[in-house]
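Peer 1: You'll find coords26.csv just under this line, and it carries CSV, C-alpha atoms (C1' of nucleotides).
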chain,number,residue,atom,x,y,z
A,1,MET,CA,-2.9,14.1,38.5
A,2,ARG,CA,0.5,13.7,37.0
A,3,PRO,CA,2.6,15.6,34.5
A,4,PRO,CA,2.6,14.1,31.0
A,5,ARG,CA,5.8,12.2,30.2
A,6,ILE,CA,5.3,12.1,26.5
A,7,SER,CA,3.3,14.1,23.9
A,8,ARG,CA,1.6,13.2,20.6
A,9,ALA,CA,4.4,15.1,18.8
A,10,GLN,CA,7.1,13.0,20.5
A,11,VAL,CA,5.3,9.8,19.7
A,12,LEU,CA,5.1,10.8,16.1
A,13,ASP,CA,8.7,11.8,16.0
A,14,ALA,CA,9.8,8.5,17.4
A,15,THR,CA,7.5,6.7,14.9
A,16,PHE,CA,8.9,8.6,12.0
A,17,ASP,CA,12.5,8.0,13.0
A,18,LEU,CA,11.8,4.3,13.4
A,19,ALA,CA,10.2,4.1,10.0
A,20,SER,CA,13.1,6.0,8.4
A,21,GLU,CA,15.7,3.7,9.9
A,22,ALA,CA,14.0,0.3,9.8
A,23,GLY,CA,11.0,0.5,7.5
A,24,LEU,CA,7.3,0.3,8.2
A,25,ALA,CA,7.4,-3.3,9.4
A,26,ALA,CA,9.5,-2.1,12.4
A,27,VAL,CA,6.8,0.3,13.4
A,28,THR,CA,5.1,-1.5,16.3
A,29,MET,CA,3.5,0.0,19.4
A,30,ARG,CA,6.1,-1.8,21.5
A,31,ALA,CA,9.1,-0.6,19.5
A,32,VAL,CA,7.9,3.0,19.5
A,33,ALA,CA,7.2,2.8,23.2
A,34,ALA,CA,10.7,1.4,23.8
A,35,ARG,CA,12.2,4.4,22.0
A,36,LEU,CA,10.4,6.7,24.4
A,37,ASP,CA,11.3,4.6,27.5
A,38,VAL,CA,7.7,4.1,28.1
A,39,THR,CA,5.2,1.2,28.3
A,40,PRO,CA,3.3,0.4,25.0
A,41,MET,CA,0.1,1.3,26.8
A,42,ALA,CA,1.2,4.8,27.4
A,43,LEU,CA,0.9,5.5,23.6
A,44,TYR,CA,-2.8,4.8,23.5
A,45,ARG,CA,-3.7,8.1,25.3
A,46,HIS,CA,-1.9,10.1,22.7
A,47,VAL,CA,-2.6,8.4,19.3
A,48,GLY,CA,-5.7,6.3,20.0
A,49,ASP,CA,-4.5,3.1,18.5
A,50,LYS,CA,-2.2,1.6,15.9
A,51,GLN,CA,-4.3,3.1,13.1
A,52,GLY,CA,-4.0,6.5,14.7
A,53,LEU,CA,-0.2,6.0,14.9
A,54,LEU,CA,-0.1,5.3,11.2
A,55,ASP,CA,-2.3,8.3,10.4
A,56,GLY,CA,0.2,10.4,12.3
A,57,LEU,CA,3.0,8.9,10.4
A,58,VAL,CA,1.4,9.9,7.1
A,59,GLU,CA,1.0,13.4,8.5
A,60,ARG,CA,4.7,13.6,9.1
A,61,LEU,CA,5.3,12.2,5.6
A,62,MET,CA,3.2,14.8,4.0
A,63,ALA,CA,5.2,17.5,5.9
A,64,GLU,CA,8.3,16.2,4.1
A,65,ILE,CA,6.8,17.4,0.8
A,66,THR,CA,8.3,20.8,0.6
A,67,VAL,CA,7.5,23.6,-1.7
A,68,PRO,CA,10.0,25.0,-4.1
A,69,ASP,CA,11.0,28.7,-3.7
A,70,VAL,CA,10.7,29.6,-7.3
A,71,ALA,CA,7.8,32.1,-8.0
A,72,PRO,CA,5.2,30.2,-9.9
A,73,GLU,CA,4.7,33.2,-12.3
A,74,GLU,CA,8.3,32.9,-13.3
A,75,ASP,CA,8.4,29.4,-14.7
A,76,TRP,CA,5.4,27.2,-14.0
A,77,ARG,CA,7.1,24.2,-15.6
A,78,ALA,CA,10.1,24.4,-13.3
A,79,VAL,CA,7.7,24.7,-10.3
A,80,LEU,CA,5.7,21.6,-11.2
A,81,ARG,CA,8.7,19.5,-12.0
A,82,SER,CA,10.5,20.5,-8.9
A,83,MET,CA,7.4,19.6,-6.8
A,84,ALA,CA,7.2,16.2,-8.6
A,85,ARG,CA,10.9,15.5,-8.0
A,86,ASN,CA,10.4,16.3,-4.3
A,87,ILE,CA,7.5,13.9,-4.0
A,88,ARG,CA,9.4,11.2,-5.9
A,89,ALA,CA,12.3,11.7,-3.5
A,90,VAL,CA,10.0,11.2,-0.5
A,91,ALA,CA,8.6,8.1,-2.0
A,92,ARG,CA,12.0,6.6,-2.6
A,93,ARG,CA,13.1,7.4,0.9
A,94,TYR,CA,10.0,5.9,2.5
A,95,PRO,CA,8.6,3.4,-0.1
A,96,ASP,CA,6.4,1.3,2.2
A,97,VAL,CA,5.0,4.3,4.1
A,98,PHE,CA,4.3,6.1,0.9
A,99,VAL,CA,1.6,3.7,-0.3
A,100,LEU,CA,-0.3,4.5,2.8
A,101,LEU,CA,-1.1,7.9,1.2
A,102,PHE,CA,-3.5,6.1,-1.2
A,103,GLN,CA,-5.4,4.6,1.7
A,104,ARG,CA,-5.7,7.6,4.0
A,105,ARG,CA,-7.0,10.4,1.8
A,106,ALA,CA,-4.4,12.5,3.7
A,107,VAL,CA,-3.3,13.7,0.3
A,108,THR,CA,-6.4,15.9,0.1
A,109,GLU,CA,-6.6,16.7,3.8
A,110,GLY,CA,-3.1,17.9,4.7
A,111,ALA,CA,-0.5,19.4,2.4
A,112,GLN,CA,-2.6,22.4,1.4
A,113,GLY,CA,0.6,24.4,1.0
A,114,PRO,CA,1.8,22.3,-2.0
A,115,ARG,CA,-1.7,22.4,-3.5
A,116,GLN,CA,-1.8,26.2,-3.5
A,117,VAL,CA,1.6,26.3,-5.2
A,118,VAL,CA,0.3,24.0,-7.9
A,119,PHE,CA,-2.8,26.2,-8.3
A,120,ARG,CA,-0.6,29.3,-8.8
A,121,ALA,CA,1.6,27.5,-11.3
A,122,LEU,CA,-1.4,26.3,-13.3
A,123,ARG,CA,-2.9,29.8,-13.3
A,124,ALA,CA,0.4,31.1,-14.5
A,125,ALA,CA,0.3,28.5,-17.3
A,126,GLY,CA,-3.1,29.9,-18.4
A,127,VAL,CA,-5.4,27.2,-17.2
A,128,PRO,CA,-8.8,28.7,-16.7
A,129,GLU,CA,-10.1,29.2,-13.2
A,130,GLY,CA,-12.9,26.6,-13.6
A,131,GLU,CA,-10.5,23.9,-14.6
A,132,LEU,CA,-8.0,24.5,-11.8
A,133,ALA,CA,-9.2,22.0,-9.3
A,134,GLY,CA,-9.8,19.2,-11.8
A,135,THR,CA,-6.4,19.7,-13.3
A,136,GLU,CA,-4.7,19.8,-10.0
A,137,ARG,CA,-6.3,16.5,-9.0
A,138,MET,CA,-5.4,14.9,-12.4
A,139,LEU,CA,-1.8,16.1,-11.9
A,140,SER,CA,-1.4,14.9,-8.3
A,141,THR,CA,-2.9,11.5,-9.2
A,142,PHE,CA,-0.4,11.2,-11.9
A,143,VAL,CA,2.6,12.3,-9.8
A,144,TYR,CA,1.6,10.1,-6.8
A,145,GLY,CA,1.1,7.1,-9.1
A,146,PHE,CA,4.5,7.7,-10.8
A,147,ALA,CA,6.2,8.1,-7.4
A,148,ALA,CA,4.6,5.0,-6.0
A,149,SER,CA,5.5,3.0,-9.1
A,150,GLU,CA,9.1,4.2,-9.0
A,151,ALA,CA,9.5,3.5,-5.3
A,152,GLY,CA,7.9,0.1,-5.6
A,153,GLY,CA,10.3,-1.0,-8.4
A,154,ARG,CA,7.6,-1.1,-11.1
A,155,PHE,CA,10.0,0.8,-13.5
A,156,ALA,CA,13.0,-1.5,-12.7
A,157,GLY,CA,15.4,-1.9,-15.6
A,158,LEU,CA,14.3,1.4,-17.1
A,159,ASN,CA,16.0,4.8,-17.2
A,160,ILE,CA,13.7,6.4,-14.7
A,161,GLU,CA,14.8,10.0,-15.3
A,162,ALA,CA,14.1,9.5,-19.0
A,163,GLU,CA,10.8,8.0,-18.1
A,164,PHE,CA,10.0,11.0,-16.0
A,165,ASP,CA,11.0,13.5,-18.6
A,166,TYR,CA,8.9,11.7,-21.2
A,167,THR,CA,5.9,11.8,-19.0
A,168,ALA,CA,6.4,15.3,-17.7
A,169,GLY,CA,6.8,16.6,-21.2
A,170,HIS,CA,3.5,15.2,-22.3
A,171,VAL,CA,1.7,16.4,-19.2
A,172,GLU,CA,3.1,19.9,-19.9
A,173,LYS,CA,1.6,19.7,-23.4
A,174,LEU,CA,-1.7,18.7,-21.9
A,175,ILE,CA,-1.6,21.7,-19.6
A,176,GLU,CA,-0.7,24.0,-22.5
A,177,ALA,CA,-3.7,22.6,-24.5
A,178,LEU,CA,-6.0,23.3,-21.5
A,179,ALA,CA,-4.7,26.9,-21.5
A,180,ALA,CA,-5.1,27.3,-25.3
A,181,ASP,CA,-8.7,26.1,-25.2
A,182,SER,CA,-9.7,28.8,-22.9
A,183,ARG,CA,-8.6,31.6,-25.3
B,1,MET,CA,6.4,-40.7,0.6
B,2,ARG,CA,2.9,-39.4,0.8
B,3,PRO,CA,0.4,-38.0,-1.6
B,4,PRO,CA,0.1,-34.2,-1.4
B,5,ARG,CA,-3.0,-33.0,0.4
B,6,ILE,CA,-2.9,-29.5,-1.0
B,7,SER,CA,-1.4,-27.7,-4.0
B,8,ARG,CA,-0.2,-24.1,-4.5
B,9,ALA,CA,-3.3,-23.4,-6.6
B,10,GLN,CA,-5.5,-24.5,-3.8
B,11,VAL,CA,-3.6,-22.4,-1.3
B,12,LEU,CA,-3.9,-19.4,-3.5
B,13,ASP,CA,-7.6,-20.0,-4.1
B,14,ALA,CA,-8.2,-20.1,-0.3
B,15,THR,CA,-6.1,-16.9,0.1
B,16,PHE,CA,-8.0,-15.1,-2.6
B,17,ASP,CA,-11.4,-16.1,-1.2
B,18,LEU,CA,-10.4,-15.0,2.3
B,19,ALA,CA,-9.1,-11.7,1.0
B,20,SER,CA,-12.3,-11.1,-0.9
B,21,GLU,CA,-14.5,-11.9,2.0
B,22,ALA,CA,-12.6,-10.4,4.9
B,23,GLY,CA,-9.9,-8.1,3.6
B,24,LEU,CA,-6.1,-8.3,3.6
B,25,ALA,CA,-5.8,-8.1,7.3
B,26,ALA,CA,-7.7,-11.4,7.6
B,27,VAL,CA,-5.1,-13.1,5.4
B,28,THR,CA,-2.9,-15.0,7.9
B,29,MET,CA,-1.0,-18.2,7.4
B,30,ARG,CA,-3.2,-19.7,10.2
B,31,ALA,CA,-6.5,-18.6,8.7
B,32,VAL,CA,-5.6,-19.8,5.2
B,33,ALA,CA,-4.5,-23.1,6.7
B,34,ALA,CA,-7.7,-23.5,8.6
B,35,ARG,CA,-9.7,-23.0,5.4
B,36,LEU,CA,-7.9,-26.0,3.9
B,37,ASP,CA,-8.2,-28.1,7.1
B,38,VAL,CA,-4.4,-28.2,7.4
B,39,THR,CA,-1.7,-27.1,9.8
B,40,PRO,CA,-0.2,-23.6,9.1
B,41,MET,CA,3.1,-25.2,8.6
B,42,ALA,CA,1.8,-27.2,5.6
B,43,LEU,CA,1.6,-24.0,3.6
B,44,TYR,CA,5.3,-23.3,3.7
B,45,ARG,CA,6.1,-26.1,1.3
B,46,HIS,CA,3.8,-24.6,-1.3
B,47,VAL,CA,4.3,-20.8,-1.1
B,48,GLY,CA,7.6,-20.4,0.7
B,49,ASP,CA,6.5,-17.9,3.3
B,50,LYS,CA,4.0,-15.1,4.0
B,51,GLN,CA,5.7,-13.0,1.3
B,52,GLY,CA,5.2,-15.8,-1.2
B,53,LEU,CA,1.6,-16.1,-0.2
B,54,LEU,CA,1.0,-12.4,-0.9
B,55,ASP,CA,2.9,-12.6,-4.2
B,56,GLY,CA,0.5,-15.4,-5.2
B,57,LEU,CA,-2.4,-13.2,-4.1
B,58,VAL,CA,-1.2,-10.4,-6.4
B,59,GLU,CA,-1.0,-13.0,-9.2
B,60,ARG,CA,-4.6,-13.9,-8.7
B,61,LEU,CA,-5.6,-10.2,-8.6
B,62,MET,CA,-3.9,-9.5,-11.9
B,63,ALA,CA,-5.8,-12.4,-13.4
B,64,GLU,CA,-9.0,-10.5,-12.5
B,65,ILE,CA,-8.1,-7.8,-14.9
B,66,THR,CA,-9.9,-9.0,-18.0
B,67,VAL,CA,-9.6,-7.9,-21.6
B,68,PRO,CA,-12.5,-6.3,-23.4
B,69,ASP,CA,-13.7,-8.2,-26.5
B,70,VAL,CA,-14.0,-5.1,-28.7
B,71,ALA,CA,-11.5,-5.2,-31.6
B,72,PRO,CA,-8.9,-2.5,-30.8
B,73,GLU,CA,-9.0,-1.3,-34.5
B,74,GLU,CA,-12.7,-0.6,-34.2
B,75,ASP,CA,-12.6,2.0,-31.4
B,76,TRP,CA,-9.4,2.4,-29.5
B,77,ARG,CA,-11.0,4.9,-27.1
B,78,ALA,CA,-13.6,2.3,-26.1
B,79,VAL,CA,-11.0,-0.4,-25.6
B,80,LEU,CA,-8.8,1.8,-23.3
B,81,ARG,CA,-11.8,3.1,-21.3
B,82,SER,CA,-13.2,-0.4,-20.8
B,83,MET,CA,-9.8,-1.6,-19.6
B,84,ALA,CA,-9.5,1.3,-17.2
B,85,ARG,CA,-13.0,0.7,-15.9
B,86,ASN,CA,-12.2,-3.0,-15.3
B,87,ILE,CA,-9.0,-2.1,-13.4
B,88,ARG,CA,-10.9,0.4,-11.3
B,89,ALA,CA,-13.6,-2.2,-10.5
B,90,VAL,CA,-10.9,-4.6,-9.3
B,91,ALA,CA,-9.4,-1.9,-7.2
B,92,ARG,CA,-12.7,-1.1,-5.6
B,93,ARG,CA,-13.4,-4.7,-4.8
B,94,TYR,CA,-10.0,-5.4,-3.3
B,95,PRO,CA,-8.8,-2.0,-2.1
B,96,ASP,CA,-6.2,-3.1,0.3
B,97,VAL,CA,-4.8,-5.8,-1.9
B,98,PHE,CA,-4.6,-3.5,-4.8
B,99,VAL,CA,-1.9,-1.2,-3.4
B,100,LEU,CA,0.4,-4.3,-3.2
B,101,LEU,CA,0.6,-4.0,-7.0
B,102,PHE,CA,2.8,-0.9,-6.5
B,103,GLN,CA,5.2,-2.8,-4.3
B,104,ARG,CA,5.6,-6.0,-6.3
B,105,ARG,CA,6.3,-4.9,-9.9
B,106,ALA,CA,3.8,-7.7,-10.8
B,107,VAL,CA,2.2,-5.1,-13.0
B,108,THR,CA,5.0,-5.5,-15.5
B,109,GLU,CA,5.6,-9.2,-15.0
B,110,GLY,CA,2.2,-10.8,-15.3
B,111,ALA,CA,-0.8,-9.4,-17.2
B,112,GLN,CA,0.9,-9.4,-20.6
B,113,GLY,CA,-2.5,-10.0,-22.1
B,114,PRO,CA,-3.9,-6.6,-21.2
B,115,ARG,CA,-0.6,-4.9,-22.2
B,116,GLN,CA,-0.9,-6.4,-25.7
B,117,VAL,CA,-4.4,-5.1,-26.0
B,118,VAL,CA,-3.3,-1.6,-25.0
B,119,PHE,CA,-0.5,-1.8,-27.6
B,120,ARG,CA,-2.9,-2.7,-30.3
B,121,ALA,CA,-5.3,0.1,-29.3
B,122,LEU,CA,-2.5,2.7,-29.3
B,123,ARG,CA,-1.3,1.5,-32.7
B,124,ALA,CA,-4.9,1.9,-34.0
B,125,ALA,CA,-4.9,5.4,-32.6
B,126,GLY,CA,-1.8,6.2,-34.7
B,127,VAL,CA,0.8,6.3,-32.0
B,128,PRO,CA,4.2,5.6,-33.7
B,129,GLU,CA,5.9,2.3,-33.0
B,130,GLY,CA,8.8,3.8,-31.1
B,131,GLU,CA,6.5,5.5,-28.7
B,132,LEU,CA,4.3,2.5,-28.0
B,133,ALA,CA,6.1,1.2,-24.9
B,134,GLY,CA,6.6,4.6,-23.3
B,135,THR,CA,3.0,5.5,-23.9
B,136,GLU,CA,1.7,2.3,-22.5
B,137,ARG,CA,3.7,2.8,-19.3
B,138,MET,CA,2.5,6.3,-19.0
B,139,LEU,CA,-1.1,5.2,-19.4
B,140,SER,CA,-0.9,2.3,-17.0
B,141,THR,CA,0.8,4.4,-14.3
B,142,PHE,CA,-2.1,6.9,-14.7
B,143,VAL,CA,-4.8,4.2,-14.6
B,144,TYR,CA,-3.3,2.4,-11.6
B,145,GLY,CA,-2.8,5.7,-9.8
B,146,PHE,CA,-6.4,6.7,-10.4
B,147,ALA,CA,-7.7,3.3,-9.4
B,148,ALA,CA,-5.7,3.3,-6.2
B,149,SER,CA,-6.8,6.8,-5.4
B,150,GLU,CA,-10.4,6.0,-6.0
B,151,ALA,CA,-10.3,2.8,-4.0
B,152,GLY,CA,-8.5,4.4,-1.1
B,153,GLY,CA,-11.1,7.2,-0.9
B,154,ARG,CA,-8.8,10.0,-2.1
B,155,PHE,CA,-11.6,11.3,-4.3
B,156,ALA,CA,-14.2,11.1,-1.5
B,157,GLY,CA,-16.9,13.7,-1.9
B,158,LEU,CA,-16.3,14.1,-5.7
B,159,ASN,CA,-18.3,12.7,-8.6
B,160,ILE,CA,-15.9,10.0,-9.5
B,161,GLU,CA,-17.4,9.2,-12.9
B,162,ALA,CA,-17.2,12.8,-13.9
B,163,GLU,CA,-13.6,12.9,-12.6
B,164,PHE,CA,-12.8,9.8,-14.7
B,165,ASP,CA,-14.3,11.2,-17.8
B,166,TYR,CA,-12.5,14.5,-17.4
B,167,THR,CA,-9.2,12.7,-17.0
B,168,ALA,CA,-9.8,10.1,-19.7
B,169,GLY,CA,-10.8,12.8,-22.1
B,170,HIS,CA,-7.5,14.7,-21.6
B,171,VAL,CA,-5.5,11.5,-21.9
B,172,GLU,CA,-7.2,10.7,-25.1
B,173,LYS,CA,-6.2,14.1,-26.4
B,174,LEU,CA,-2.7,13.5,-25.3
B,175,ILE,CA,-2.7,10.2,-27.3
B,176,GLU,CA,-4.1,12.0,-30.4
B,177,ALA,CA,-1.4,14.6,-30.1
B,178,LEU,CA,1.2,11.8,-30.1
B,179,ALA,CA,-0.3,10.3,-33.2
B,180,ALA,CA,-0.5,13.7,-35.0
B,181,ASP,CA,3.2,14.5,-34.3
B,182,SER,CA,4.2,11.4,-36.1
B,183,ARG,CA,2.6,12.5,-39.4
C,1,DA,C1',-4.6,12.9,34.0
C,2,DC,C1',-1.2,9.9,32.9
C,3,DC,C1',1.4,5.8,33.1
C,4,DT,C1',2.3,0.7,34.6
C,5,DG,C1',1.9,-4.5,34.9
C,6,DA,C1',-0.1,-8.5,34.0
C,7,DA,C1',-2.9,-10.9,31.0
C,8,DC,C1',-5.4,-12.4,26.5
C,9,DA,C1',-5.8,-13.7,22.0
C,10,DC,C1',-3.5,-13.4,18.4
C,11,DC,C1',0.8,-13.5,14.8
C,12,DG,C1',5.0,-15.9,11.5
C,13,DT,C1',8.4,-19.2,11.7
C,14,DT,C1',11.9,-23.0,13.7
C,15,DC,C1',12.7,-27.5,14.4
C,16,DA,C1',12.2,-32.5,15.2
C,17,DA,C1',9.2,-36.0,14.5
C,18,DG,C1',5.8,-38.9,12.1
C,19,DT,C1',4.0,-41.4,7.7
D,1,DA,C1',7.7,-35.9,-0.1
D,2,DC,C1',4.5,-34.0,2.7
D,3,DC,C1',2.2,-32.9,6.9
D,4,DT,C1',1.9,-32.5,12.2
D,5,DG,C1',2.8,-30.7,17.1
D,6,DA,C1',5.0,-28.3,20.2
D,7,DA,C1',7.6,-24.3,21.0
D,8,DC,C1',9.6,-19.5,20.4
D,9,DA,C1',9.6,-14.8,19.9
D,10,DC,C1',6.8,-11.7,18.6
D,11,DC,C1',2.2,-8.7,17.9
D,12,DG,C1',-2.2,-5.1,19.4
D,13,DT,C1',-5.2,-4.3,23.0
D,14,DT,C1',-8.1,-4.9,27.7
D,15,DC,C1',-8.4,-4.1,32.2
D,16,DA,C1',-7.5,-2.9,37.0
D,17,DA,C1',-4.3,-0.7,39.6
D,18,DG,C1',-1.0,2.9,41.0
D,19,DT,C1',0.4,8.1,41.4
Is it possible to give me this structure as structure tokens?

Peer 2:
Amino acid sequence: MRPPRISRAQVLDATFDLASEAGLAAVTMRAVAARLDVTPMALYRHVGDKQGLLDGLVERLMAEITVPDVAPEEDWRAVLRSMARNIRAVARRYPDVFVLLFQRRAVTEGAQGPRQVVFRALRAAGVPEGELAGTERMLSTFVYGFAASEAGGRFAGLNIEAEFDYTAGHVEKLIEALAADSR
Amino acid sequence: MRPPRISRAQVLDATFDLASEAGLAAVTMRAVAARLDVTPMALYRHVGDKQGLLDGLVERLMAEITVPDVAPEEDWRAVLRSMARNIRAVARRYPDVFVLLFQRRAVTEGAQGPRQVVFRALRAAGVPEGELAGTERMLSTFVYGFAASEAGGRFAGLNIEAEFDYTAGHVEKLIEALAADSR
DNA sequence: ACCTGAACACCGTTCAAGT
DNA sequence: ACCTGAACACCGTTCAAGT
């Protein structure tokens, strides 16, 4: 019987700080433990193992994806673009952690907040109810792919903002077409 | 003066085989060396370091992306779908290696063959010359994002073929719209 | 219940030496 | 030029022990 010296939240905070400052490669059980002035083995009770630590890191990353405070009914285009820009910014700040999103299906699990905002925006655009879920998945697949490409340097040498506007414009037309079909 | 016992090609072959059989985590300098009956240090002359080994692995992965033998002028939709299916198959077979594509910009470097095929298909669809490059990037970003999502399990619980058809259908409409605008 | 300490089986990489 | 051997500074994780 002993009072806990550290919590899962503290472990994840330390992990996230470490990843922000020194990248994913610096995230080791030992380094995280050192930050908390604790033995590596102390972490196992709180996060399971290294895999669990990384899952927690992805959780924290998802929490970084904030929701714009524009009302979706006002301007659905602005809402969607602002969400996409936010996701891209997160990808740029944590490029190596970001790709973990693809491997952990956390994209569907957590971040229900952002998803609801996208739903409202798509509804405001006139996308029929039955197409909402499919469209949201299509959209998020696109945005995450774009953000990962950008953060990984796949668009190196290009004008990325122009690239984004080009793509976003076409996706908006796609959404408009979906709305028009339903009428 | 001594005859070489191994070549870069052999090292990469062993690396690729190892990754296919046991996943990316099993790819260590020591394990690759053991496959070639050689000391770990022998690899350094041929691939530089671990990073260089992984770059070579991505090279090999790109080479797995084959080009359909349908003439693009015949049915551009079939060509694009067949390429997308092939990329998805590669992602499913090597899920953890596949995400490295996002981090190495190899997508733009190598694989010029597939890119040319996409160009021809888009031309056949009627996409104007000036929009070809941008459309191809948009398309590949989409396909790679979809493939990575699928391989990583982000679509778990969904009918993935239906999901693909849904998305592909909308992307085709997007391409048709691009072609129509130019007339 | 929670943490420590020592130990085990791994890593990538250096450096000097051998042929 | 090409490979080896020993060594260094790391890893994640186990297990028994302490409080």

Peer 1: Would you kindly report the residues of chain B within 12 Å of chain C, using all atoms listed in the file, as a list in words?

Peer 2: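 Close enough to count are Met1, Arg2, Pro3, Ala25, Ala26, Val27, Thr28, Met29, Arg30, Ala31, Pro40, Met41, Leu43, Tyr44, Gly48, Asp49, Lys50 and Gln51 of chain B.
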
Peer 1: Take CA of Ala148 in chain A and CA of Pro128 in chain B and report the distance between them in Å, one decimal.

Peer 2: 27.7 Å

Peer 1: What gap, in Å, lies between CA of Val127 in chain A and CA of Ala179 in chain A?

Peer 2: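 CA of Val127 in chain A sits 4.4 Å away from CA of Ala179 in chain A.
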
Peer 1: Taking all atoms listed in the file into account, what are the residues of chain B at most 8 Å from chain A, put as a CSV table (one decimal) with C-alpha atoms, in the frame of the given file?

Peer 2:
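This went into result00.csv:
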chain,number,residue,atom,x,y,z
B,96,ASP,CA,-6.2,-3.1,0.3
B,99,VAL,CA,-1.9,-1.2,-3.4
B,102,PHE,CA,2.8,-0.9,-6.5
B,103,GLN,CA,5.2,-2.8,-4.3
B,104,ARG,CA,5.6,-6.0,-6.3
B,105,ARG,CA,6.3,-4.9,-9.9
B,106,ALA,CA,3.8,-7.7,-10.8
B,107,VAL,CA,2.2,-5.1,-13.0
B,108,THR,CA,5.0,-5.5,-15.5
B,134,GLY,CA,6.6,4.6,-23.3
B,138,MET,CA,2.5,6.3,-19.0
B,141,THR,CA,0.8,4.4,-14.3
B,142,PHE,CA,-2.1,6.9,-14.7
B,144,TYR,CA,-3.3,2.4,-11.6
B,145,GLY,CA,-2.8,5.7,-9.8
B,146,PHE,CA,-6.4,6.7,-10.4
B,148,ALA,CA,-5.7,3.3,-6.2
B,149,SER,CA,-6.8,6.8,-5.4
B,151,ALA,CA,-10.3,2.8,-4.0
B,152,GLY,CA,-8.5,4.4,-1.1
B,153,GLY,CA,-11.1,7.2,-0.9
B,154,ARG,CA,-8.8,10.0,-2.1
B,155,PHE,CA,-11.6,11.3,-4.3
B,156,ALA,CA,-14.2,11.1,-1.5
B,163,GLU,CA,-13.6,12.9,-12.6
B,166,TYR,CA,-12.5,14.5,-17.4
B,167,THR,CA,-9.2,12.7,-17.0
B,170,HIS,CA,-7.5,14.7,-21.6
B,173,LYS,CA,-6.2,14.1,-26.4
B,174,LEU,CA,-2.7,13.5,-25.3

Peer 1: In Å to one decimal, how far is CA of Ser82 in chain A from CA of Ile65 in chain A?

Peer 2: 10.8 Å

Peer 1: Pick out the residues sitting within 10 Å of range 68-72 of chain B, and hand them over as a VMD selection string; count all atoms listed in the file, and ignore anything fewer than 3 positions along from it in its own chain.

Peer 2: chain B and resid 65 75 to 83 86 114 117 to 125

Peer 1: Can I get the selection written as an mmCIF file, in the frame of the given file, with C-alpha atoms?

Peer 2:
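Writing the result to selection-v7.cif gives the following:
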data_model
loop_
_atom_site.group_PDB
_atom_site.id
_atom_site.type_symbol
_atom_site.label_atom_id
_atom_site.label_comp_id
_atom_site.auth_asym_id
_atom_site.auth_seq_id
_atom_site.Cartn_x
_atom_site.Cartn_y
_atom_site.Cartn_z
ATOM 1 C CA ILE B 65 -8.100 -7.800 -14.900
ATOM 2 C CA ASP B 75 -12.600 2.000 -31.400
ATOM 3 C CA TRP B 76 -9.400 2.400 -29.500
ATOM 4 C CA ARG B 77 -11.000 4.900 -27.100
ATOM 5 C CA ALA B 78 -13.600 2.300 -26.100
ATOM 6 C CA VAL B 79 -11.000 -0.400 -25.600
ATOM 7 C CA LEU B 80 -8.800 1.800 -23.300
ATOM 8 C CA ARG B 81 -11.800 3.100 -21.300
ATOM 9 C CA SER B 82 -13.200 -0.400 -20.800
ATOM 10 C CA MET B 83 -9.800 -1.600 -19.600
ATOM 11 C CA ASN B 86 -12.200 -3.000 -15.300
ATOM 12 C CA PRO B 114 -3.900 -6.600 -21.200
ATOM 13 C CA VAL B 117 -4.400 -5.100 -26.000
ATOM 14 C CA VAL B 118 -3.300 -1.600 -25.000
ATOM 15 C CA PHE B 119 -0.500 -1.800 -27.600
ATOM 16 C CA ARG B 120 -2.900 -2.700 -30.300
ATOM 17 C CA ALA B 121 -5.300 0.100 -29.300
ATOM 18 C CA LEU B 122 -2.500 2.700 -29.300
ATOM 19 C CA ARG B 123 -1.300 1.500 -32.700
ATOM 20 C CA ALA B 124 -4.900 1.900 -34.000
ATOM 21 C CA ALA B 125 -4.900 5.400 -32.600
#
